[in-house]
$ cat start_2.txt   # compact mmCIF, C-alpha atoms and all ligand atoms
# COMPACT_ATOMS: atom_id res chain seq x y z
CA MET A 1 -104.00 -280.78 -67.70
CA ILE A 2 -104.94 -279.42 -64.27
CA ASN A 3 -106.12 -282.01 -61.77
CA TYR A 4 -109.24 -280.23 -60.54
CA LYS A 5 -110.71 -280.97 -57.13
CA ALA A 6 -113.71 -278.68 -57.38
CA ILE A 7 -116.07 -277.27 -59.97
CA PHE A 8 -118.03 -274.22 -58.86
CA PHE A 9 -121.15 -273.03 -60.65
CA ASP A 10 -123.14 -269.84 -60.83
CA ALA A 11 -126.92 -270.42 -60.37
CA ALA A 12 -129.19 -268.17 -62.47
CA GLY A 13 -128.46 -268.37 -66.20
CA THR A 14 -126.11 -271.29 -65.58
CA LEU A 15 -127.96 -274.07 -63.72
CA ILE A 16 -131.42 -272.53 -63.46
CA SER A 17 -133.50 -269.96 -65.33
CA THR A 18 -136.87 -268.38 -64.72
CA SER A 19 -139.67 -270.54 -66.16
CA ARG A 20 -141.05 -267.47 -67.94
CA PRO A 21 -139.26 -264.29 -69.03
CA VAL A 22 -138.96 -262.10 -65.91
CA GLY A 23 -140.98 -259.26 -67.48
CA GLU A 24 -143.86 -261.63 -68.21
CA SER A 25 -144.21 -262.62 -64.56
CA TYR A 26 -143.89 -259.01 -63.46
CA ALA A 27 -146.50 -257.87 -66.01
CA LEU A 28 -149.01 -260.68 -65.38
CA LEU A 29 -149.10 -259.98 -61.68
CA ALA A 30 -149.10 -256.19 -62.12
CA ARG A 31 -152.21 -256.46 -64.29
CA ARG A 32 -154.08 -257.86 -61.29
CA TYR A 33 -153.20 -254.64 -59.50
CA GLY A 34 -154.50 -252.52 -62.35
CA ILE A 35 -151.07 -251.74 -63.81
CA GLY A 36 -150.72 -252.43 -67.53
CA VAL A 37 -147.11 -252.54 -68.74
CA ASP A 38 -145.70 -254.38 -71.75
CA PRO A 39 -143.83 -257.54 -70.62
CA GLY A 40 -140.93 -256.89 -73.00
CA GLU A 41 -140.50 -253.40 -71.63
CA LEU A 42 -140.50 -254.79 -68.08
CA THR A 43 -137.84 -257.33 -69.00
CA ARG A 44 -135.64 -254.54 -70.42
CA ARG A 45 -136.30 -252.39 -67.33
CA PHE A 46 -135.47 -255.34 -65.08
CA ARG A 47 -132.16 -255.93 -66.85
CA SER A 48 -131.01 -252.33 -66.75
CA CYS A 49 -132.12 -251.69 -63.16
CA PHE A 50 -130.68 -255.00 -61.96
CA ALA A 51 -127.34 -254.19 -63.59
CA ALA A 52 -127.31 -250.76 -61.92
CA ALA A 53 -128.36 -252.02 -58.46
CA PRO A 54 -125.84 -252.19 -55.61
CA PRO A 55 -124.29 -255.63 -54.94
CA LEU A 56 -126.64 -258.07 -53.22
CA ALA A 57 -124.28 -258.28 -50.23
CA PHE A 58 -124.58 -256.90 -46.73
CA PRO A 59 -121.23 -256.86 -44.93
CA GLY A 60 -121.62 -256.32 -41.19
CA VAL A 61 -125.34 -257.13 -41.10
CA PRO A 62 -126.01 -259.78 -38.42
CA ALA A 63 -127.21 -263.16 -39.70
CA GLY A 64 -130.60 -262.72 -38.05
CA ARG A 65 -131.34 -259.62 -40.12
CA ILE A 66 -130.16 -260.87 -43.51
CA LYS A 67 -133.58 -262.01 -44.76
CA GLN A 68 -135.05 -258.64 -43.91
CA VAL A 69 -132.37 -256.68 -45.81
CA GLU A 70 -132.53 -259.07 -48.78
CA ARG A 71 -136.23 -258.39 -49.09
CA GLN A 72 -135.67 -254.62 -48.83
CA TRP A 73 -132.96 -254.84 -51.53
CA TRP A 74 -135.47 -256.44 -53.89
CA LYS A 75 -138.25 -254.06 -52.91
CA ASP A 76 -136.05 -251.07 -53.79
CA LEU A 77 -135.17 -252.70 -57.12
CA VAL A 78 -138.77 -253.50 -58.07
CA ARG A 79 -139.89 -250.00 -57.10
CA THR A 80 -137.21 -248.53 -59.38
CA ILE A 81 -138.29 -250.84 -62.22
CA PHE A 82 -141.86 -249.47 -62.06
CA GLU A 83 -140.86 -245.81 -61.58
CA PRO A 84 -141.40 -244.73 -65.24
CA PHE A 85 -144.94 -246.18 -65.31
CA GLY A 86 -146.64 -243.81 -62.89
CA SER A 87 -148.18 -244.32 -59.47
CA PHE A 88 -148.62 -247.85 -58.13
CA THR A 89 -151.05 -247.57 -55.24
CA ARG A 90 -150.92 -251.14 -53.93
CA PHE A 91 -147.21 -251.57 -54.54
CA ASP A 92 -146.50 -253.21 -51.14
CA ASP A 93 -149.04 -255.97 -51.75
CA TYR A 94 -147.81 -256.45 -55.32
CA PHE A 95 -144.22 -256.72 -54.18
CA ALA A 96 -145.09 -259.22 -51.44
CA GLU A 97 -146.77 -261.46 -53.99
CA LEU A 98 -143.97 -261.10 -56.54
CA PHE A 99 -141.25 -261.85 -53.98
CA GLU A 100 -143.11 -264.93 -52.83
CA TYR A 101 -143.69 -266.10 -56.42
CA PHE A 102 -139.96 -266.13 -57.19
CA SER A 103 -139.23 -268.13 -54.02
CA ARG A 104 -141.18 -271.07 -55.49
CA ALA A 105 -139.42 -273.81 -57.44
CA GLU A 106 -142.17 -273.63 -60.12
CA ALA A 107 -140.97 -270.15 -61.03
CA TRP A 108 -137.62 -271.69 -62.03
CA SER A 109 -136.43 -274.44 -64.37
CA LEU A 110 -133.24 -276.46 -64.60
CA TYR A 111 -131.30 -276.36 -67.86
CA PRO A 112 -131.60 -279.80 -69.48
CA GLU A 113 -127.97 -280.92 -69.05
CA VAL A 114 -127.62 -279.94 -65.37
CA GLN A 115 -128.54 -283.24 -63.75
CA ASP A 116 -126.22 -285.41 -65.90
CA THR A 117 -123.31 -282.97 -65.63
CA LEU A 118 -123.45 -282.61 -61.86
CA PHE A 119 -123.93 -286.34 -61.46
CA SER A 120 -120.84 -287.06 -63.60
CA LEU A 121 -118.73 -284.58 -61.67
CA ARG A 122 -119.80 -285.94 -58.29
CA ARG A 123 -119.23 -289.53 -59.42
CA ARG A 124 -115.63 -288.56 -60.19
CA GLY A 125 -115.23 -287.33 -56.64
CA LEU A 126 -115.19 -283.65 -57.52
CA ASN A 127 -116.55 -281.06 -55.13
CA VAL A 128 -119.53 -279.28 -56.66
CA THR A 129 -120.38 -275.93 -55.12
CA ILE A 130 -122.74 -273.16 -56.19
CA ILE A 131 -121.56 -269.56 -55.83
CA SER A 132 -124.43 -267.20 -56.53
CA ASN A 133 -125.24 -263.52 -56.25
CA PHE A 134 -128.59 -264.41 -54.78
CA ASP A 135 -130.60 -264.33 -51.56
CA SER A 136 -131.82 -266.95 -49.07
CA ARG A 137 -134.68 -268.02 -51.34
CA LEU A 138 -132.14 -269.93 -53.44
CA PHE A 139 -131.96 -272.80 -50.92
CA GLY A 140 -135.69 -273.54 -51.18
CA ILE A 141 -135.62 -273.18 -54.97
CA LEU A 142 -132.75 -275.69 -55.28
CA ASP A 143 -134.54 -278.07 -52.91
CA GLY A 144 -137.73 -277.81 -54.92
CA LEU A 145 -135.90 -278.46 -58.18
CA GLY A 146 -134.28 -281.51 -56.60
CA ILE A 147 -130.75 -280.21 -57.08
CA SER A 148 -129.63 -279.72 -53.45
CA THR A 149 -128.54 -283.34 -53.10
CA TRP A 150 -126.15 -283.00 -56.07
CA VAL A 151 -124.10 -280.18 -54.62
CA ASP A 152 -121.69 -280.06 -51.69
CA SER A 153 -122.53 -276.51 -50.71
CA VAL A 154 -124.20 -273.30 -51.77
CA VAL A 155 -122.54 -269.94 -51.13
CA ILE A 156 -124.81 -266.92 -51.62
CA SER A 157 -123.65 -263.31 -51.76
CA SER A 158 -126.26 -262.04 -49.31
CA GLN A 159 -124.82 -264.26 -46.57
CA ALA A 160 -121.17 -264.13 -47.68
CA GLY A 161 -121.03 -260.35 -47.38
CA TYR A 162 -119.51 -260.15 -50.86
CA ALA A 163 -120.97 -260.51 -54.33
CA LYS A 164 -119.14 -261.76 -57.43
CA PRO A 165 -116.85 -260.57 -58.97
CA ALA A 166 -115.31 -259.85 -55.51
CA ARG A 167 -112.56 -262.40 -54.93
CA GLU A 168 -113.63 -262.83 -51.29
CA ILE A 169 -116.73 -264.84 -52.19
CA PHE A 170 -114.63 -267.27 -54.27
CA LEU A 171 -112.13 -267.55 -51.41
CA GLN A 172 -114.93 -268.33 -48.94
CA ALA A 173 -116.06 -271.24 -51.12
CA LEU A 174 -112.47 -272.51 -51.41
CA ASP A 175 -111.89 -272.21 -47.63
CA LEU A 176 -115.09 -274.08 -46.89
CA HIS A 177 -113.69 -277.19 -48.56
CA GLN A 178 -109.95 -276.64 -48.05
CA ILE A 179 -109.36 -276.35 -51.78
CA LYS A 180 -106.65 -274.22 -53.40
CA ALA A 181 -107.67 -271.69 -56.05
CA GLU A 182 -105.62 -273.45 -58.73
CA GLU A 183 -107.52 -276.69 -58.04
CA ALA A 184 -110.90 -275.12 -58.76
CA MET A 185 -112.85 -274.13 -61.83
CA HIS A 186 -115.80 -271.73 -61.75
CA VAL A 187 -118.39 -271.77 -64.52
CA GLY A 188 -121.00 -269.09 -65.12
CA ASP A 189 -122.85 -267.05 -67.71
CA SER A 190 -121.53 -263.63 -66.72
CA PRO A 191 -118.23 -262.58 -68.32
CA GLU A 192 -117.49 -260.12 -65.50
CA ASN A 193 -118.95 -261.79 -62.42
CA ASP A 194 -118.09 -265.38 -63.26
CA ALA A 195 -115.30 -265.78 -65.82
CA SER A 196 -113.18 -262.70 -65.05
CA GLY A 197 -114.02 -262.70 -61.34
CA ALA A 198 -112.93 -266.31 -60.91
CA CYS A 199 -109.72 -265.76 -62.93
CA ALA A 200 -108.85 -262.74 -60.78
CA ALA A 201 -109.27 -264.89 -57.66
CA GLY A 202 -106.83 -267.47 -59.07
CA LEU A 203 -109.38 -270.07 -60.20
CA THR A 204 -109.96 -271.23 -63.75
CA GLY A 205 -112.85 -269.04 -64.88
CA VAL A 206 -115.08 -270.45 -67.60
CA LEU A 207 -117.76 -268.51 -69.44
CA LEU A 208 -120.93 -270.42 -70.23
CA ASP A 209 -122.00 -268.80 -73.49
CA ARG A 210 -125.22 -270.64 -74.38
CA ASN A 211 -126.00 -268.45 -77.40
CA GLY A 212 -122.45 -268.31 -78.65
CA ASN A 213 -122.38 -264.54 -78.95
CA GLY A 214 -119.77 -263.65 -76.34
CA ALA A 215 -116.65 -261.81 -77.48
CA SER A 216 -113.45 -263.78 -77.34
CA HIS A 217 -111.41 -263.31 -74.18
CA SER A 218 -108.51 -264.95 -72.42
CA TYR A 219 -110.79 -267.23 -70.39
CA LEU A 220 -112.24 -270.54 -71.51
CA ARG A 221 -115.67 -270.61 -73.09
CA VAL A 222 -118.21 -273.45 -73.34
CA ARG A 223 -121.62 -273.60 -74.99
CA THR A 224 -123.19 -276.14 -72.62
CA LEU A 225 -122.33 -277.52 -69.19
CA THR A 226 -121.68 -280.94 -70.74
CA GLU A 227 -118.55 -279.50 -72.37
CA ILE A 228 -117.05 -279.01 -68.90
CA LEU A 229 -116.50 -282.77 -68.72
CA GLY A 230 -114.32 -282.58 -71.83
CA VAL A 231 -112.40 -279.57 -70.53
CA ILE A 232 -111.41 -281.36 -67.33
CA GLY A 233 -110.66 -284.59 -69.19
CA ALA A 234 -113.46 -286.48 -67.50
CA ARG A 235 -114.63 -288.28 -70.61
MG MG B 1 -125.78 -265.95 -63.85

$ encode --input "start_2.txt" --output "structure tokens" --more "lines below"
Ligand SMILES: [Mg+2]
Amino acid sequence: MINYKAIFFDAAGTLISTSRPVGESYALLARRYGIGVDPGELTRRFRSCFAAAPPLAFPGVPAGRIKQVERQWWKDLVRTIFEPFGSFTRFDDYFAELFEYFSRAEAWSLYPEVQDTLFSLRRRGLNVTIISNFDSRLFGILDGLGISTWVDSVVISSQAGYAKPAREIFLQALDLHQIKAEEAMHVGDSPENDASGACAAGLTGVLLDRNGNGASHSYLRVRTLTEILGVIGAR
């Protein structure tokens, strides 16, 4: 059994999820701007546009401009999502409100087993780090959900200059804590970005497959975060 020194986690879909389906929040707010779109359709649009969007990473952009380019990245995405539904006259105001809404902790929830799992890992002296393809709003969200104190660090793609599955973002997290790839496990809900990406960077990549519908692959698979403790022999 590998003697792990660090367990890395993805954020969205792994530790946190939106409190409501994304399309519901998009649709509710859009209605106030006179735009009526079915929430389910917006969720599907969100998923396909998000998957097709460029990586949320800005190599070469100075630190002082990152927040500005993050916001523009999201604005471009949201505009694309609404493209099939006709003209949206007050789009700028809508986007400002939407972007602000998702920066609030209330817009997000922790999965039920997160607190106990992170607590157990930390108590065993393991480094717990979040590696997320996310923007600067994540820090405030994690603070608001009370999770910041349970993690050693948070590495986000928008600041790292690389988004998962790029190996560089995994290497940055390892470097930060002087940990070797073979001493670290990364857990996340995306087969490509998390499980395969981590394996390609030399870490143990684990797929969190909450619904149990993932195809079988060479990497490890767990149904809940609690199972991680069993995998590393911590209980
Ligand atoms: Mg995820």

$ closest_atom_pairs --input "start_2.txt" --of "chain A" --to "ligand MG 1 (chain B)" --cutoff "12 Å" --atoms "only C-alpha atoms and all ligand atoms" --output "CSV"
residue,atom,partner,partner_atom,distance
A:Phe9,CA,B:MG1,MG,9.0
A:Asp10,CA,B:MG1,MG,5.6
A:Ala11,CA,B:MG1,MG,5.8
A:Ala12,CA,B:MG1,MG,4.3
A:Gly13,CA,B:MG1,MG,4.3
A:Thr14,CA,B:MG1,MG,5.6
A:Leu15,CA,B:MG1,MG,8.4
A:Ile16,CA,B:MG1,MG,8.7
A:Ser17,CA,B:MG1,MG,8.8
A:Thr18,CA,B:MG1,MG,11.4
A:Ala51,CA,B:MG1,MG,11.9
A:Ile130,CA,B:MG1,MG,10.9
A:Ile131,CA,B:MG1,MG,9.8
A:Ser132,CA,B:MG1,MG,7.5
A:Asn133,CA,B:MG1,MG,8.0
A:Phe134,CA,B:MG1,MG,9.6
A:Ala163,CA,B:MG1,MG,12.0
A:Lys164,CA,B:MG1,MG,10.1
A:Pro165,CA,B:MG1,MG,11.5
A:His186,CA,B:MG1,MG,11.7
A:Val187,CA,B:MG1,MG,9.4
A:Gly188,CA,B:MG1,MG,5.9
A:Asp189,CA,B:MG1,MG,5.0
A:Ser190,CA,B:MG1,MG,5.6
A:Pro191,CA,B:MG1,MG,9.4
A:Glu192,CA,B:MG1,MG,10.3
A:Asn193,CA,B:MG1,MG,8.1
A:Asp194,CA,B:MG1,MG,7.7
A:Ala195,CA,B:MG1,MG,10.7
A:Leu207,CA,B:MG1,MG,10.1
A:Leu208,CA,B:MG1,MG,9.2
A:Asp209,CA,B:MG1,MG,10.7
A:Arg210,CA,B:MG1,MG,11.5

$ residues_around --input "start_2.txt" --residues "region 57-61 of chain A" --least-positions-apart "6" --cutoff "7 Å" --atoms "all atoms listed in the file" --output "list in words"
Ser157, Ser158, Gly161, Tyr162 and Ala163 of chain A

$ write_last_selection --input "start_2.txt" --atoms "C-alpha atoms" --output "short mmCIF file (atom, residue, chain, number, x, y, z; two decimals), in the frame of the given file"
data_model
loop_
_atom_site.label_atom_id
_atom_site.label_comp_id
_atom_site.auth_asym_id
_atom_site.auth_seq_id
_atom_site.Cartn_x
_atom_site.Cartn_y
_atom_site.Cartn_z
CA SER A 157 -123.65 -263.31 -51.76
CA SER A 158 -126.26 -262.04 -49.31
CA GLY A 161 -121.03 -260.35 -47.38
CA TYR A 162 -119.51 -260.15 -50.86
CA ALA A 163 -120.97 -260.51 -54.33
#

$ closest_residue --input "start_2.txt" --among "A:Ile156, A:Gly202, A:Ser196, A:Tyr4" --to "Val231 (chain A)" --atoms "all atoms listed in the file"
A:Tyr4

$ atom_distance --input "start_2.txt" --atom1 "CA of Thr226 (chain A)" --atom2 "CA of Leu126 (chain A)"
15.0 Å

$ residues_near_point --input "start_2.txt" --point "(-135.2, -253.5, -56.4)" --cutoff "12 Å" --atoms "all atoms listed in the file" --output "PyMOL selection string"
chain A and resi 45-56+69-83+95+98-99

$ atom_distance --input "start_2.txt" --atom1 "CA of Thr43 (chain A)" --atom2 "CA of Val22 (chain A)"
5.8 Å

$ closest_atom_pairs --input "start_2.txt" --of "region 113-220 of chain A" --to "region 103-106 of chain A" --cutoff "7 Å" --atoms "all atoms listed in the file" --output "JSON lines"
{"residue": "A:Arg137", "atom": "CA", "partner": "A:Ser103", "partner_atom": "CA", "distance": 5.3}
{"residue": "A:Ile141", "atom": "CA", "partner": "A:Ala105", "partner_atom": "CA", "distance": 4.6}
{"residue": "A:Gly144", "atom": "CA", "partner": "A:Ala105", "partner_atom": "CA", "distance": 5.0}
{"residue": "A:Leu145", "atom": "CA", "partner": "A:Ala105", "partner_atom": "CA", "distance": 5.9}

$ closest_residue --input "start_2.txt" --among "A:Pro62, A:Gly212, A:Phe8, A:Gly230" --to "Asp152 (chain A)" --atoms "all atoms listed in the file"
A:Phe8

$ closest_residue --input "start_2.txt" --among "A:Leu110, A:Leu42, A:Val206, A:Val37" --to "Glu227 (chain A)" --atoms "only C-alpha atoms"
A:Val206

$ residues_around --input "start_2.txt" --residues "Ala6 (chain A)" --least-positions-apart "3" --cutoff "6 Å" --atoms "all atoms listed in the file" --output "list in words"
Leu126, Asn127, Val128 and Ala184 of chain A

$ residues_around --input "start_2.txt" --residues "Lys5 (chain A)" --least-positions-apart "5" --cutoff "10 Å" --atoms "all atoms listed in the file" --output "compact mmCIF listing (two decimals) with C-alpha atoms, keeping the file's coordinate frame"
# COMPACT_ATOMS: atom_id res chain seq x y z
CA LEU A 121 -118.73 -284.58 -61.67
CA ARG A 124 -115.63 -288.56 -60.19
CA GLY A 125 -115.23 -287.33 -56.64
CA LEU A 126 -115.19 -283.65 -57.52
CA ASN A 127 -116.55 -281.06 -55.13
CA VAL A 128 -119.53 -279.28 -56.66
CA HIS A 177 -113.69 -277.19 -48.56
CA ILE A 179 -109.36 -276.35 -51.78
CA LYS A 180 -106.65 -274.22 -53.40
CA ALA A 181 -107.67 -271.69 -56.05
CA GLU A 182 -105.62 -273.45 -58.73
CA GLU A 183 -107.52 -276.69 -58.04
CA ALA A 184 -110.90 -275.12 -58.76
CA MET A 185 -112.85 -274.13 -61.83

$ residues_around --input "start_2.txt" --residues "Ile35 (chain A)" --least-positions-apart "2" --cutoff "10 Å" --atoms "only C-alpha atoms" --output "short mmCIF file (atom, residue, chain, number, x, y, z; two decimals) with C-alpha atoms, in the coordinates of the input"
data_model
loop_
_atom_site.label_atom_id
_atom_site.label_comp_id
_atom_site.auth_asym_id
_atom_site.auth_seq_id
_atom_site.Cartn_x
_atom_site.Cartn_y
_atom_site.Cartn_z
CA ALA A 27 -146.50 -257.87 -66.01
CA LEU A 28 -149.01 -260.68 -65.38
CA LEU A 29 -149.10 -259.98 -61.68
CA ALA A 30 -149.10 -256.19 -62.12
CA ARG A 31 -152.21 -256.46 -64.29
CA ARG A 32 -154.08 -257.86 -61.29
CA TYR A 33 -153.20 -254.64 -59.50
CA VAL A 37 -147.11 -252.54 -68.74
CA ASP A 38 -145.70 -254.38 -71.75
CA PHE A 82 -141.86 -249.47 -62.06
CA PHE A 85 -144.94 -246.18 -65.31
CA GLY A 86 -146.64 -243.81 -62.89
CA SER A 87 -148.18 -244.32 -59.47
CA PHE A 88 -148.62 -247.85 -58.13
CA THR A 89 -151.05 -247.57 -55.24
CA ARG A 90 -150.92 -251.14 -53.93
#

$ atom_distance --input "start_2.txt" --atom1 "CA of Ala63 (chain A)" --atom2 "CA of Ile7 (chain A)"
27.1 Å

$ residues_around --input "start_2.txt" --residues "Ser25 (chain A)" --least-positions-apart "6" --cutoff "9 Å" --atoms "all atoms listed in the file" --output "PyMOL selection string"
chain A and resi 39+98+101+107

$ closest_residue --input "start_2.txt" --among "A:Gln159, A:Ala201, A:Gln178, A:Leu171" --to "Gln68 (chain A)" --atoms "all atoms listed in the file"
A:Gln159

$ closest_residue --input "start_2.txt" --among "A:Gly197, A:Phe119, A:Leu142, A:Glu100" --to "Ala166 (chain A)" --atoms "only C-alpha atoms"
A:Gly197

$ closest_residue --input "start_2.txt" --among "A:Ala198, A:Trp108, A:Arg44, A:Pro21" --to "Asp143 (chain A)" --atoms "all atoms listed in the file"
A:Trp108

$ decode --input "start_2.txt" --residues "region 156-174 of chain A" --atoms "N, CA, C and O atoms" --output "mmCIF file, in the first residue's frame"
data_model
loop_
_atom_site.group_PDB
_atom_site.id
_atom_site.type_symbol
_atom_site.label_atom_id
_atom_site.label_comp_id
_atom_site.auth_asym_id
_atom_site.auth_seq_id
_atom_site.Cartn_x
_atom_site.Cartn_y
_atom_site.Cartn_z
ATOM 1 N N ILE A 156 -6.240 27.192 -8.010
ATOM 2 C CA ILE A 156 -7.274 27.369 -9.037
ATOM 3 C C ILE A 156 -6.625 27.600 -10.402
ATOM 4 O O ILE A 156 -5.575 28.231 -10.512
ATOM 5 N N SER A 157 -7.288 27.084 -11.427
ATOM 6 C CA SER A 157 -6.730 27.142 -12.785
ATOM 7 C C SER A 157 -6.518 28.574 -13.265
ATOM 8 O O SER A 157 -5.532 28.861 -13.939
ATOM 9 N N SER A 158 -7.437 29.467 -12.894
ATOM 10 C CA SER A 158 -7.341 30.835 -13.420
ATOM 11 C C SER A 158 -6.076 31.535 -12.933
ATOM 12 O O SER A 158 -5.530 32.386 -13.623
ATOM 13 N N GLN A 159 -5.581 31.153 -11.760
ATOM 14 C CA GLN A 159 -4.337 31.738 -11.245
ATOM 15 C C GLN A 159 -3.120 30.904 -11.626
ATOM 16 O O GLN A 159 -2.023 31.430 -11.768
ATOM 17 N N ALA A 160 -3.328 29.591 -11.754
ATOM 18 C CA ALA A 160 -2.201 28.688 -12.044
ATOM 19 C C ALA A 160 -1.698 28.847 -13.471
ATOM 20 O O ALA A 160 -0.550 28.519 -13.775
ATOM 21 N N GLY A 161 -2.577 29.324 -14.362
ATOM 22 C CA GLY A 161 -2.189 29.446 -15.763
ATOM 23 C C GLY A 161 -2.411 28.151 -16.539
ATOM 24 O O GLY A 161 -2.151 28.084 -17.740
ATOM 25 N N TYR A 162 -2.880 27.137 -15.861
ATOM 26 C CA TYR A 162 -3.184 25.845 -16.480
ATOM 27 C C TYR A 162 -4.447 25.287 -15.856
ATOM 28 O O TYR A 162 -4.674 25.465 -14.662
ATOM 29 N N ALA A 163 -5.252 24.621 -16.682
ATOM 30 C CA ALA A 163 -6.452 23.964 -16.168
ATOM 31 C C ALA A 163 -6.270 22.451 -16.288
ATOM 32 O O ALA A 163 -5.582 21.978 -17.198
ATOM 33 N N LYS A 164 -6.856 21.701 -15.346
ATOM 34 C CA LYS A 164 -6.858 20.244 -15.478
ATOM 35 C C LYS A 164 -7.475 19.885 -16.830
ATOM 36 O O LYS A 164 -8.410 20.547 -17.237
ATOM 37 N N PRO A 165 -7.048 18.899 -17.564
ATOM 38 C CA PRO A 165 -6.116 17.846 -17.138
ATOM 39 C C PRO A 165 -4.626 18.159 -17.342
ATOM 40 O O PRO A 165 -3.826 17.245 -17.230
ATOM 41 N N ALA A 166 -4.247 19.412 -17.600
ATOM 42 C CA ALA A 166 -2.825 19.726 -17.815
ATOM 43 C C ALA A 166 -2.008 19.295 -16.590
ATOM 44 O O ALA A 166 -2.379 19.585 -15.449
ATOM 45 N N ARG A 167 -0.898 18.621 -16.841
ATOM 46 C CA ARG A 167 -0.124 18.103 -15.702
ATOM 47 C C ARG A 167 0.474 19.232 -14.873
ATOM 48 O O ARG A 167 0.714 19.078 -13.680
ATOM 49 N N GLU A 168 0.693 20.403 -15.517
ATOM 50 C CA GLU A 168 1.337 21.517 -14.809
ATOM 51 C C GLU A 168 0.588 21.946 -13.549
ATOM 52 O O GLU A 168 1.206 22.316 -12.558
ATOM 53 N N ILE A 169 -0.737 21.908 -13.594
ATOM 54 C CA ILE A 169 -1.487 22.364 -12.410
ATOM 55 C C ILE A 169 -1.323 21.374 -11.250
ATOM 56 O O ILE A 169 -1.217 21.772 -10.090
ATOM 57 N N PHE A 170 -1.216 20.088 -11.580
ATOM 58 C CA PHE A 170 -0.963 19.086 -10.528
ATOM 59 C C PHE A 170 0.449 19.292 -9.963
ATOM 60 O O PHE A 170 0.667 19.205 -8.754
ATOM 61 N N LEU A 171 1.404 19.562 -10.859
ATOM 62 C CA LEU A 171 2.794 19.751 -10.423
ATOM 63 C C LEU A 171 2.930 20.994 -9.540
ATOM 64 O O LEU A 171 3.698 20.999 -8.580
ATOM 65 N N GLN A 172 2.169 22.042 -9.849
ATOM 66 C CA GLN A 172 2.201 23.249 -9.003
ATOM 67 C C GLN A 172 1.751 22.930 -7.576
ATOM 68 O O GLN A 172 2.344 23.383 -6.603
ATOM 69 N N ALA A 173 0.695 22.124 -7.462
ATOM 70 C CA ALA A 173 0.187 21.758 -6.135
ATOM 71 C C ALA A 173 1.211 20.905 -5.388
ATOM 72 O O ALA A 173 1.416 21.080 -4.185
ATOM 73 N N LEU A 174 1.868 20.000 -6.095
ATOM 74 C CA LEU A 174 2.901 19.156 -5.478
ATOM 75 C C LEU A 174 4.078 20.014 -5.005
ATOM 76 O O LEU A 174 4.551 19.875 -3.874
#
